[in-house]
>>> print(open('target-v7.csv').read())   # CSV, C-alpha atoms
chain,number,residue,atom,x,y,z
V,1,MET,CA,31.2,40.3,-128.3
V,2,GLU,CA,32.0,44.0,-128.7
V,3,GLN,CA,29.1,46.3,-129.4
V,4,ALA,CA,28.3,46.4,-133.1
V,5,GLY,CA,25.7,48.4,-135.1
V,6,LEU,CA,23.9,45.4,-136.6
V,7,SER,CA,24.1,43.1,-133.6
V,8,GLY,CA,21.8,44.9,-131.2
V,9,LYS,CA,22.3,46.5,-127.8
V,10,LYS,CA,23.6,45.0,-124.6
V,11,ILE,CA,21.0,44.9,-121.8
V,12,PHE,CA,22.2,45.1,-118.2
V,13,ILE,CA,20.1,44.4,-115.2
V,14,LEU,CA,21.6,46.0,-112.1
V,15,TYR,CA,21.1,44.3,-108.7
V,16,PRO,CA,18.4,41.9,-110.1
V,17,HIS,CA,15.8,40.3,-107.8
V,18,SER,CA,16.3,36.6,-107.6
V,19,VAL,CA,13.2,35.8,-109.7
V,20,ILE,CA,14.5,38.1,-112.5
V,21,GLN,CA,17.9,36.6,-112.5
V,22,GLU,CA,16.5,33.1,-112.9
V,23,GLU,CA,13.3,33.4,-114.9
V,24,MET,CA,13.3,36.7,-116.7
V,25,LEU,CA,16.8,36.4,-118.0
V,26,ASP,CA,16.0,33.0,-119.5
V,27,ILE,CA,13.1,34.6,-121.4
V,28,LEU,CA,15.2,37.5,-122.6
V,29,ILE,CA,17.9,35.3,-123.9
V,30,MET,CA,15.4,33.0,-125.6
V,31,ALA,CA,13.8,36.0,-127.2
V,32,GLY,CA,17.1,37.0,-128.8
V,33,PHE,CA,18.2,39.7,-126.4
V,34,GLU,CA,21.8,40.0,-125.2
V,35,ALA,CA,21.2,40.3,-121.5
V,36,TYR,CA,23.5,40.3,-118.5
V,37,VAL,CA,23.2,40.8,-114.7
V,38,ILE,CA,25.4,43.2,-112.8
V,39,HIS,CA,25.9,43.3,-109.0
V,40,ASP,CA,28.0,46.4,-108.7
V,41,HIS,CA,26.7,49.9,-109.6
V,42,LYS,CA,30.2,51.3,-110.1
V,43,ARG,CA,31.1,48.6,-112.5
V,44,ALA,CA,27.8,49.2,-114.3
V,45,LEU,CA,28.8,52.8,-115.0
V,46,LYS,CA,32.1,51.6,-116.6
V,47,LEU,CA,30.1,49.1,-118.8
V,48,LEU,CA,27.8,51.9,-120.0
V,49,ILE,CA,30.9,53.9,-121.0
V,50,ARG,CA,32.5,50.8,-122.7
V,51,PHE,CA,29.2,50.0,-124.6
V,52,PRO,CA,27.5,53.2,-125.6
V,53,GLU,CA,23.7,53.0,-126.3
V,54,SER,CA,23.3,50.1,-124.0
V,55,ILE,CA,20.1,49.6,-122.0
V,56,MET,CA,20.1,49.1,-118.2
V,57,PHE,CA,17.2,48.2,-115.9
V,58,ILE,CA,17.9,49.2,-112.3
V,59,ASN,CA,16.4,47.5,-109.2
V,60,ILE,CA,16.0,50.5,-107.0
V,61,ASP,CA,15.0,48.3,-104.1
V,62,ALA,CA,18.6,47.2,-103.5
V,63,GLY,CA,22.2,48.5,-103.4
V,64,LEU,CA,21.6,52.2,-102.7
V,65,SER,CA,19.1,54.4,-100.9
V,66,GLU,CA,16.3,56.0,-102.8
V,67,LYS,CA,18.0,59.4,-102.8
V,68,GLU,CA,21.3,57.8,-103.9
V,69,TRP,CA,19.5,56.0,-106.8
V,70,GLU,CA,18.0,59.3,-107.9
V,71,ALA,CA,21.4,60.9,-108.0
V,72,TYR,CA,22.9,57.9,-109.7
V,73,ILE,CA,20.3,57.8,-112.4
V,74,ARG,CA,20.3,61.5,-113.1
V,75,GLY,CA,24.1,61.3,-113.3
V,76,VAL,CA,23.9,58.5,-116.0
V,77,GLN,CA,21.4,60.5,-118.0
V,78,GLU,CA,23.4,63.8,-117.8
V,79,SER,CA,27.0,62.6,-118.2
V,80,PRO,CA,28.4,63.0,-121.7
V,81,LYS,CA,30.0,59.6,-121.3
V,82,THR,CA,26.8,57.7,-120.6
V,83,LYS,CA,23.9,59.9,-121.7
V,84,GLU,CA,23.3,57.7,-124.8
V,85,SER,CA,22.4,54.8,-122.6
V,86,LYS,CA,18.7,54.2,-121.8
V,87,LEU,CA,17.5,53.3,-118.3
V,88,GLY,CA,14.5,51.6,-116.9
V,89,ILE,CA,13.4,51.0,-113.3
V,90,LEU,CA,12.5,47.7,-111.6
V,91,SER,CA,10.8,47.9,-108.2
V,92,TYR,CA,8.2,46.3,-105.9
V,93,ASN,CA,7.4,49.9,-104.7
V,94,THR,CA,4.0,51.0,-106.0
V,95,ASP,CA,4.2,54.6,-104.6
V,96,GLN,CA,2.6,56.8,-107.3
V,97,LYS,CA,4.8,59.8,-106.4
V,98,LEU,CA,8.0,57.7,-106.8
V,99,MET,CA,6.8,56.4,-110.2
V,100,GLN,CA,5.9,59.9,-111.3
V,101,LYS,CA,9.3,61.2,-110.4
V,102,TYR,CA,11.1,58.6,-112.5
V,103,LEU,CA,8.7,58.6,-115.4
V,104,MET,CA,7.9,62.4,-115.6
V,105,ASP,CA,10.6,64.3,-113.8
V,106,ILE,CA,13.7,62.2,-114.5
V,107,ALA,CA,12.1,60.8,-117.7
V,108,VAL,CA,13.7,57.3,-117.8
V,109,PRO,CA,13.0,56.1,-121.4
V,110,CYS,CA,12.5,52.4,-120.6
V,111,GLY,CA,9.7,52.8,-118.0
V,112,TYR,CA,9.0,51.9,-114.4
V,113,ILE,CA,8.2,48.2,-114.1
V,114,GLN,CA,6.1,47.2,-111.1
V,115,LEU,CA,7.3,43.8,-110.1
V,116,LYS,CA,4.2,43.2,-108.0
V,117,LEU,CA,2.4,42.7,-111.3
V,118,GLY,CA,4.1,39.3,-111.4
V,119,ILE,CA,6.9,37.9,-113.5
V,120,LYS,CA,4.8,37.2,-116.6
V,121,GLU,CA,3.4,40.7,-116.8
V,122,SER,CA,6.7,42.3,-115.8
V,123,THR,CA,8.5,40.4,-118.5
V,124,ARG,CA,6.0,41.4,-121.1
V,125,ILE,CA,6.5,45.1,-120.2
V,126,MET,CA,10.2,44.7,-120.4
V,127,LEU,CA,10.1,42.9,-123.7
V,128,SER,CA,7.9,45.7,-125.1
V,129,ALA,CA,10.3,48.3,-123.9
V,130,LEU,CA,13.2,46.5,-125.5
V,131,GLU,CA,11.3,46.1,-128.8
V,132,VAL,CA,10.5,49.9,-128.9
V,133,ASN,CA,14.2,50.6,-128.3
V,134,GLU,CA,15.3,48.2,-131.0
V,135,ALA,CA,17.5,46.3,-128.6
V,136,ARG,CA,17.7,43.2,-130.7
V,137,GLY,CA,19.1,44.9,-133.7
V,138,ARG,CA,18.9,43.2,-137.1
V,139,ARG,CA,20.2,39.9,-135.8
V,140,LYS,CA,17.9,36.9,-135.4
V,141,PHE,CA,20.1,35.0,-132.9
V,142,ILE,CA,22.6,35.8,-130.2
V,143,ARG,CA,26.0,34.1,-130.9
V,144,ALA,CA,28.1,33.4,-127.9
V,145,ASP,CA,31.9,32.8,-128.2
V,146,CYS,CA,32.8,29.7,-126.3
V,147,SER,CA,36.2,29.0,-127.9
V,148,ASP,CA,37.9,29.1,-124.4
V,149,GLU,CA,35.3,26.9,-122.7
V,150,PRO,CA,36.9,23.4,-122.4
V,151,ASN,CA,33.5,21.8,-121.8
V,152,ALA,CA,31.9,22.7,-125.0
V,153,THR,CA,32.4,19.9,-127.5
V,154,VAL,CA,30.7,18.0,-130.3
V,155,ASN,CA,31.1,14.3,-131.4
V,156,ILE,CA,29.9,13.1,-134.8
V,157,LYS,CA,29.6,9.4,-135.7
V,158,SER,CA,30.2,9.1,-139.5
V,159,GLY,CA,30.7,5.8,-141.3
V,160,ALA,CA,33.0,3.7,-139.2
V,161,GLY,CA,34.5,6.6,-137.4
V,162,MET,CA,33.8,9.0,-134.6
V,163,TYR,CA,35.0,12.6,-135.0
V,164,TYR,CA,35.6,15.0,-132.2
V,165,GLY,CA,35.3,18.7,-132.3
V,166,LYS,CA,35.6,21.8,-130.2
V,167,ILE,CA,32.7,24.2,-130.3
V,168,LEU,CA,33.9,27.7,-131.1
V,169,ASP,CA,30.6,29.6,-131.0
V,170,ILE,CA,27.0,28.7,-130.5
V,171,SER,CA,23.6,30.3,-131.0
V,172,ALA,CA,20.0,29.0,-131.0
V,173,ALA,CA,20.5,28.3,-134.7
V,174,GLY,CA,23.6,26.1,-134.5
V,175,ILE,CA,27.3,25.9,-133.9
V,176,ALA,CA,30.7,26.4,-135.4
V,177,ALA,CA,33.2,23.8,-134.4
V,178,ARG,CA,36.8,22.9,-135.2
V,179,PHE,CA,37.5,19.2,-135.8
V,180,ASP,CA,40.9,17.5,-135.8
V,181,THR,CA,39.7,15.6,-138.9
V,182,ILE,CA,36.3,14.9,-140.4
V,183,ASP,CA,34.7,13.1,-143.3
V,184,GLU,CA,33.5,15.1,-146.3
V,185,HIS,CA,29.8,15.8,-146.1
V,186,ALA,CA,27.4,17.3,-148.7
V,187,ALA,CA,26.0,20.7,-147.9
V,188,SER,CA,22.6,20.4,-146.2
V,189,GLU,CA,23.3,16.7,-145.2
V,190,ILE,CA,21.4,15.7,-142.1
V,191,LEU,CA,23.7,14.2,-139.4
V,192,LYS,CA,21.8,12.1,-136.9
V,193,GLY,CA,22.7,11.6,-133.2
V,194,VAL,CA,25.2,14.4,-132.9
V,195,GLN,CA,26.5,14.5,-129.3
V,196,LEU,CA,26.9,17.9,-127.8
V,197,LYS,CA,28.5,18.5,-124.4
V,198,LEU,CA,27.7,21.9,-122.9
V,199,ARG,CA,29.5,22.0,-119.6
V,200,GLY,CA,27.6,19.4,-117.5
V,201,SER,CA,24.9,18.7,-120.0
V,202,LEU,CA,25.1,15.9,-122.7
V,203,MET,CA,22.5,15.7,-125.4
V,204,LEU,CA,22.0,13.9,-128.8
V,205,VAL,CA,20.5,16.0,-131.6
V,206,ASN,CA,20.1,15.9,-135.3
V,207,MET,CA,22.0,18.7,-137.1
V,208,THR,CA,22.4,19.9,-140.7
V,209,PHE,CA,25.9,20.1,-142.1
V,210,MET,CA,26.3,23.5,-143.8
V,211,GLY,CA,29.9,23.5,-144.8
V,212,LYS,CA,33.6,23.2,-143.9
V,213,ARG,CA,36.5,25.6,-144.1
V,214,ALA,CA,40.1,24.7,-144.9
V,215,ASP,CA,40.9,24.7,-141.2
V,216,ASN,CA,38.3,22.0,-140.5
V,217,VAL,CA,35.9,24.5,-138.9
V,218,CYS,CA,32.4,23.2,-139.7
V,219,VAL,CA,29.0,24.9,-139.4
V,220,LEU,CA,26.2,22.8,-138.1
V,221,LEU,CA,22.6,23.9,-137.7
V,222,PHE,CA,20.0,22.5,-135.2
V,223,ASP,CA,17.1,20.6,-136.6
V,224,ALA,CA,13.9,22.5,-136.5
V,225,LYS,CA,12.3,19.7,-134.4
V,226,THR,CA,15.0,19.8,-131.7
V,227,ASP,CA,13.4,18.9,-128.3
V,228,PRO,CA,12.4,22.0,-126.3
V,229,ASP,CA,14.4,20.7,-123.3
V,230,HIS,CA,17.5,20.6,-125.5
V,231,LYS,CA,16.8,24.1,-126.7
V,232,LEU,CA,16.6,25.3,-123.1
V,233,VAL,CA,19.9,23.7,-122.4
V,234,VAL,CA,21.4,25.6,-125.4
V,235,HIS,CA,19.9,28.9,-124.3
V,236,ARG,CA,21.1,28.5,-120.7
V,237,PHE,CA,24.6,27.7,-121.9
V,238,ILE,CA,24.5,30.9,-124.1
V,239,LYS,CA,23.4,32.8,-121.0
V,240,TYR,CA,26.2,31.3,-118.9
V,241,THR,CA,28.8,32.1,-121.7
V,242,LEU,CA,27.6,35.7,-122.1
V,243,GLN,CA,27.6,36.3,-118.3
V,244,ARG,CA,31.1,34.8,-118.0
V,245,TYR,CA,32.4,37.1,-120.7
V,246,ILE,CA,31.0,40.3,-119.0
V,247,ASP,CA,32.1,39.2,-115.5
V,248,HIS,CA,35.7,38.7,-116.7
V,249,LEU,CA,35.9,41.8,-119.0
V,250,SER,CA,38.6,44.2,-118.0
V,251,ILE,CA,37.2,47.8,-118.0
>>> encode(input="target-v7.csv", output="structure tokens")
Amino acid sequence: MEQAGLSGKKIFILYPHSVIQEEMLDILIMAGFEAYVIHDHKRALKLLIRFPESIMFINIDAGLSEKEWEAYIRGVQESPKTKESKLGILSYNTDQKLMQKYLMDIAVPCGYIQLKLGIKESTRIMLSALEVNEARGRRKFIRADCSDEPNATVNIKSGAGMYYGKILDISAAGIAARFDTIDEHAASEILKGVQLKLRGSLMLVNMTFMGKRADNVCVLLFDAKTDPDHKLVVHRFIKYTLQRYIDHLSI
């Protein structure tokens, strides 16, 4: 999951309000953005150094005093190690002088988002800022590595047998999984009733078999008519997997 030129930019939300952590993050992930929450401003600086050109939205209502946030934000924008990052502000504070300071004096490139506008409008503004800054890159889907997650498995019933696989990575488009053994299938064959286990969630979906490598790693794509509730489970598992990665990353 290292930063790559074609794969878009990492998006960090520092000290997110609870509504953002639950609702807005789901929307960002479903829109194809690689978004994470951070609860430590010192660690956030290290992440910006580790992943140049990342985007970070900062909740200035928490964590530090207003003067401390000003110094922190100026420091990020001026330091040679982090100046390629782009910052935005999140706040319930509607003071015009405060907004002007961040927008005009400090000139944060990703704007000042007034959360009092409501989650729908705040999310729309954030999505617009991310689009302008080409945060998605050229990719269509976020792919999350779950090879070390024991509760990410797939079962396929084929003929008289049941075949068990370990999901290696997952996106909104499909999965790559390694099977102990599996029947041969034609490319683009529809497999019905494929059982996915994503941590505590079990679901049955139809998937398209796209091919198999010599090491029994198969690529399966989700049916376009997959139930929206199942799609949400997949997106939330992707969110969980991404967050776990960043939380455990040594920096």
>>> residues_around(input="target-v7.csv", residues="Glu134 of chain V", least_positions_apart="5", cutoff="9 Å", atoms="only C-alpha atoms", output="MDAnalysis selection string")
chainID V and resid 8:9 129
>>> write_last_selection(input="target-v7.csv", atoms="C-alpha atoms", output="mmCIF file, in the coordinates of the input")
data_model
loop_
_atom_site.group_PDB
_atom_site.id
_atom_site.type_symbol
_atom_site.label_atom_id
_atom_site.label_comp_id
_atom_site.auth_asym_id
_atom_site.auth_seq_id
_atom_site.Cartn_x
_atom_site.Cartn_y
_atom_site.Cartn_z
ATOM 1 C CA GLY V 8 21.800 44.900 -131.200
ATOM 2 C CA LYS V 9 22.300 46.500 -127.800
ATOM 3 C CA ALA V 129 10.300 48.300 -123.900
#
>>> atom_distance(input="target-v7.csv", atom1="atom CA of Ala172 of chain V", atom2="atom CA of Asn206 of chain V")
13.8 Å
>>> atom_distance(input="target-v7.csv", atom1="atom CA of Asp95 of chain V", atom2="atom CA of Gln21 of chain V")
24.0 Å
>>> residues_around(input="target-v7.csv", residues="segment 214-231 of chain V", least_positions_apart="2", cutoff="9 Å", atoms="only C-alpha atoms", output="list of chain:residue names")
V:Gly165, V:Leu168, V:Ala172, V:Ala173, V:Gly174, V:Ile175, V:Ala176, V:Ala177, V:Arg178, V:Phe179, V:Asp180, V:Thr181, V:Ile182, V:Ile190, V:Met203, V:Leu204, V:Val205, V:Asn206, V:Met207, V:Thr208, V:Phe209, V:Met210, V:Gly211, V:Lys212, V:Val233, V:Val234, V:His235, V:Arg236
>>> closest_residue(input="target-v7.csv", among="V:Phe57, V:Glu66, V:Phe141, V:Asn151", to="Pro109 of chain V", atoms="all atoms listed in the file")
V:Phe57
>>> closest_residue(input="target-v7.csv", among="V:Leu117, V:Ile49, V:Ile58, V:Ile106", to="Leu90 of chain V", atoms="all atoms listed in the file")
V:Ile58
>>> atom_distance(input="target-v7.csv", atom1="atom CA of Pro150 of chain V", atom2="atom CA of Lys10 of chain V")
25.5 Å
>>> build_atoms(input="target-v7.csv", residues="segment 65-76 of chain V", atoms="all heavy atoms", output="PDB file, keeping the file's coordinate frame")
ATOM      1  N   SER V  65      20.341  53.809-101.383  1.00  0.00           N
ATOM      2  CA  SER V  65      19.100  54.400-100.900  1.00  0.00           C
ATOM      3  C   SER V  65      18.364  55.063-102.027  1.00  0.00           C
ATOM      4  O   SER V  65      18.918  55.276-103.114  1.00  0.00           O
ATOM      5  CB  SER V  65      19.435  55.465 -99.811  1.00  0.00           C
ATOM      6  OG  SER V  65      20.066  56.581-100.413  1.00  0.00           O
ATOM      7  N   GLU V  66      17.108  55.414-101.783  1.00  0.00           N
ATOM      8  CA  GLU V  66      16.300  56.000-102.800  1.00  0.00           C
ATOM      9  C   GLU V  66      16.921  57.307-103.348  1.00  0.00           C
ATOM     10  O   GLU V  66      16.988  57.564-104.560  1.00  0.00           O
ATOM     11  CB  GLU V  66      14.874  56.223-102.355  1.00  0.00           C
ATOM     12  CG  GLU V  66      13.834  56.319-103.475  1.00  0.00           C
ATOM     13  CD  GLU V  66      13.882  57.665-104.197  1.00  0.00           C
ATOM     14  OE1 GLU V  66      13.879  58.697-103.519  1.00  0.00           O
ATOM     15  OE2 GLU V  66      13.956  57.651-105.444  1.00  0.00           O
ATOM     16  N   LYS V  67      17.406  58.155-102.441  1.00  0.00           N
ATOM     17  CA  LYS V  67      18.000  59.400-102.800  1.00  0.00           C
ATOM     18  C   LYS V  67      19.323  59.168-103.621  1.00  0.00           C
ATOM     19  O   LYS V  67      19.634  59.883-104.578  1.00  0.00           O
ATOM     20  CB  LYS V  67      18.319  60.274-101.607  1.00  0.00           C
ATOM     21  CG  LYS V  67      17.074  60.904-100.991  1.00  0.00           C
ATOM     22  CD  LYS V  67      17.438  61.862 -99.869  1.00  0.00           C
ATOM     23  CE  LYS V  67      16.189  62.529 -99.294  1.00  0.00           C
ATOM     24  NZ  LYS V  67      16.533  63.484 -98.206  1.00  0.00           N
ATOM     25  N   GLU V  68      20.068  58.156-103.192  1.00  0.00           N
ATOM     26  CA  GLU V  68      21.300  57.800-103.900  1.00  0.00           C
ATOM     27  C   GLU V  68      21.000  57.309-105.312  1.00  0.00           C
ATOM     28  O   GLU V  68      21.717  57.627-106.264  1.00  0.00           O
ATOM     29  CB  GLU V  68      22.097  56.783-103.119  1.00  0.00           C
ATOM     30  CG  GLU V  68      22.738  57.329-101.849  1.00  0.00           C
ATOM     31  CD  GLU V  68      23.351  56.257-100.976  1.00  0.00           C
ATOM     32  OE1 GLU V  68      22.818  55.115-100.947  1.00  0.00           O
ATOM     33  OE2 GLU V  68      24.365  56.549-100.317  1.00  0.00           O
ATOM     34  N   TRP V  69      19.926  56.526-105.448  1.00  0.00           N
ATOM     35  CA  TRP V  69      19.500  56.000-106.800  1.00  0.00           C
ATOM     36  C   TRP V  69      19.127  57.197-107.671  1.00  0.00           C
ATOM     37  O   TRP V  69      19.465  57.228-108.864  1.00  0.00           O
ATOM     38  CB  TRP V  69      18.406  55.023-106.685  1.00  0.00           C
ATOM     39  CG  TRP V  69      18.852  53.616-106.443  1.00  0.00           C
ATOM     40  CD1 TRP V  69      18.386  52.754-105.489  1.00  0.00           C
ATOM     41  CD2 TRP V  69      19.846  52.881-107.170  1.00  0.00           C
ATOM     42  NE1 TRP V  69      19.036  51.556-105.573  1.00  0.00           N
ATOM     43  CE2 TRP V  69      19.934  51.595-106.595  1.00  0.00           C
ATOM     44  CE3 TRP V  69      20.682  53.190-108.231  1.00  0.00           C
ATOM     45  CZ2 TRP V  69      20.818  50.631-107.065  1.00  0.00           C
ATOM     46  CZ3 TRP V  69      21.567  52.232-108.699  1.00  0.00           C
ATOM     47  CH2 TRP V  69      21.630  50.960-108.120  1.00  0.00           C
ATOM     48  N   GLU V  70      18.393  58.150-107.119  1.00  0.00           N
ATOM     49  CA  GLU V  70      18.000  59.300-107.900  1.00  0.00           C
ATOM     50  C   GLU V  70      19.215  60.033-108.457  1.00  0.00           C
ATOM     51  O   GLU V  70      19.280  60.373-109.648  1.00  0.00           O
ATOM     52  CB  GLU V  70      17.136  60.258-107.091  1.00  0.00           C
ATOM     53  CG  GLU V  70      16.708  61.495-107.885  1.00  0.00           C
ATOM     54  CD  GLU V  70      15.849  62.449-107.085  1.00  0.00           C
ATOM     55  OE1 GLU V  70      15.384  62.079-105.980  1.00  0.00           O
ATOM     56  OE2 GLU V  70      15.640  63.583-107.577  1.00  0.00           O
ATOM     57  N   ALA V  71      20.199  60.258-107.582  1.00  0.00           N
ATOM     58  CA  ALA V  71      21.400  60.900-108.000  1.00  0.00           C
ATOM     59  C   ALA V  71      22.176  60.118-109.051  1.00  0.00           C
ATOM     60  O   ALA V  71      22.703  60.664-110.037  1.00  0.00           O
ATOM     61  CB  ALA V  71      22.297  61.229-106.797  1.00  0.00           C
ATOM     62  N   TYR V  72      22.237  58.821-108.839  1.00  0.00           N
ATOM     63  CA  TYR V  72      22.900  57.900-109.700  1.00  0.00           C
ATOM     64  C   TYR V  72      22.299  57.956-111.139  1.00  0.00           C
ATOM     65  O   TYR V  72      22.990  58.100-112.157  1.00  0.00           O
ATOM     66  CB  TYR V  72      22.886  56.501-109.175  1.00  0.00           C
ATOM     67  CG  TYR V  72      23.583  55.422-109.975  1.00  0.00           C
ATOM     68  CD1 TYR V  72      24.907  55.088-109.711  1.00  0.00           C
ATOM     69  CD2 TYR V  72      22.908  54.718-110.962  1.00  0.00           C
ATOM     70  CE1 TYR V  72      25.543  54.072-110.419  1.00  0.00           C
ATOM     71  CE2 TYR V  72      23.532  53.701-111.682  1.00  0.00           C
ATOM     72  CZ  TYR V  72      24.847  53.387-111.407  1.00  0.00           C
ATOM     73  OH  TYR V  72      25.467  52.375-112.122  1.00  0.00           O
ATOM     74  N   ILE V  73      20.986  57.847-111.172  1.00  0.00           N
ATOM     75  CA  ILE V  73      20.300  57.800-112.400  1.00  0.00           C
ATOM     76  C   ILE V  73      20.334  59.125-113.173  1.00  0.00           C
ATOM     77  O   ILE V  73      20.542  59.173-114.390  1.00  0.00           O
ATOM     78  CB  ILE V  73      18.803  57.348-112.190  1.00  0.00           C
ATOM     79  CG1 ILE V  73      18.802  55.868-111.765  1.00  0.00           C
ATOM     80  CG2 ILE V  73      17.936  57.567-113.424  1.00  0.00           C
ATOM     81  CD1 ILE V  73      17.513  55.400-111.149  1.00  0.00           C
ATOM     82  N   ARG V  74      20.192  60.213-112.445  1.00  0.00           N
ATOM     83  CA  ARG V  74      20.300  61.500-113.100  1.00  0.00           C
ATOM     84  C   ARG V  74      21.762  61.676-113.634  1.00  0.00           C
ATOM     85  O   ARG V  74      21.959  62.229-114.729  1.00  0.00           O
ATOM     86  CB  ARG V  74      20.051  62.643-112.067  1.00  0.00           C
ATOM     87  CG  ARG V  74      18.579  62.792-111.699  1.00  0.00           C
ATOM     88  CD  ARG V  74      18.364  64.012-110.811  1.00  0.00           C
ATOM     89  NE  ARG V  74      17.008  64.128-110.324  1.00  0.00           N
ATOM     90  CZ  ARG V  74      15.996  64.678-110.997  1.00  0.00           C
ATOM     91  NH1 ARG V  74      16.213  65.176-112.216  1.00  0.00           N
ATOM     92  NH2 ARG V  74      14.788  64.753-110.458  1.00  0.00           N
ATOM     93  N   GLY V  75      22.728  61.177-112.884  1.00  0.00           N
ATOM     94  CA  GLY V  75      24.100  61.300-113.300  1.00  0.00           C
ATOM     95  C   GLY V  75      24.339  60.510-114.638  1.00  0.00           C
ATOM     96  O   GLY V  75      25.022  61.001-115.549  1.00  0.00           O
ATOM     97  N   VAL V  76      23.776  59.299-114.750  1.00  0.00           N
ATOM     98  CA  VAL V  76      23.900  58.500-116.000  1.00  0.00           C
ATOM     99  C   VAL V  76      23.305  59.261-117.154  1.00  0.00           C
ATOM    100  O   VAL V  76      23.887  59.333-118.247  1.00  0.00           O
ATOM    101  CB  VAL V  76      23.234  57.137-115.821  1.00  0.00           C
ATOM    102  CG1 VAL V  76      23.148  56.421-117.172  1.00  0.00           C
ATOM    103  CG2 VAL V  76      23.994  56.272-114.819  1.00  0.00           C
TER     104      VAL V  76
END
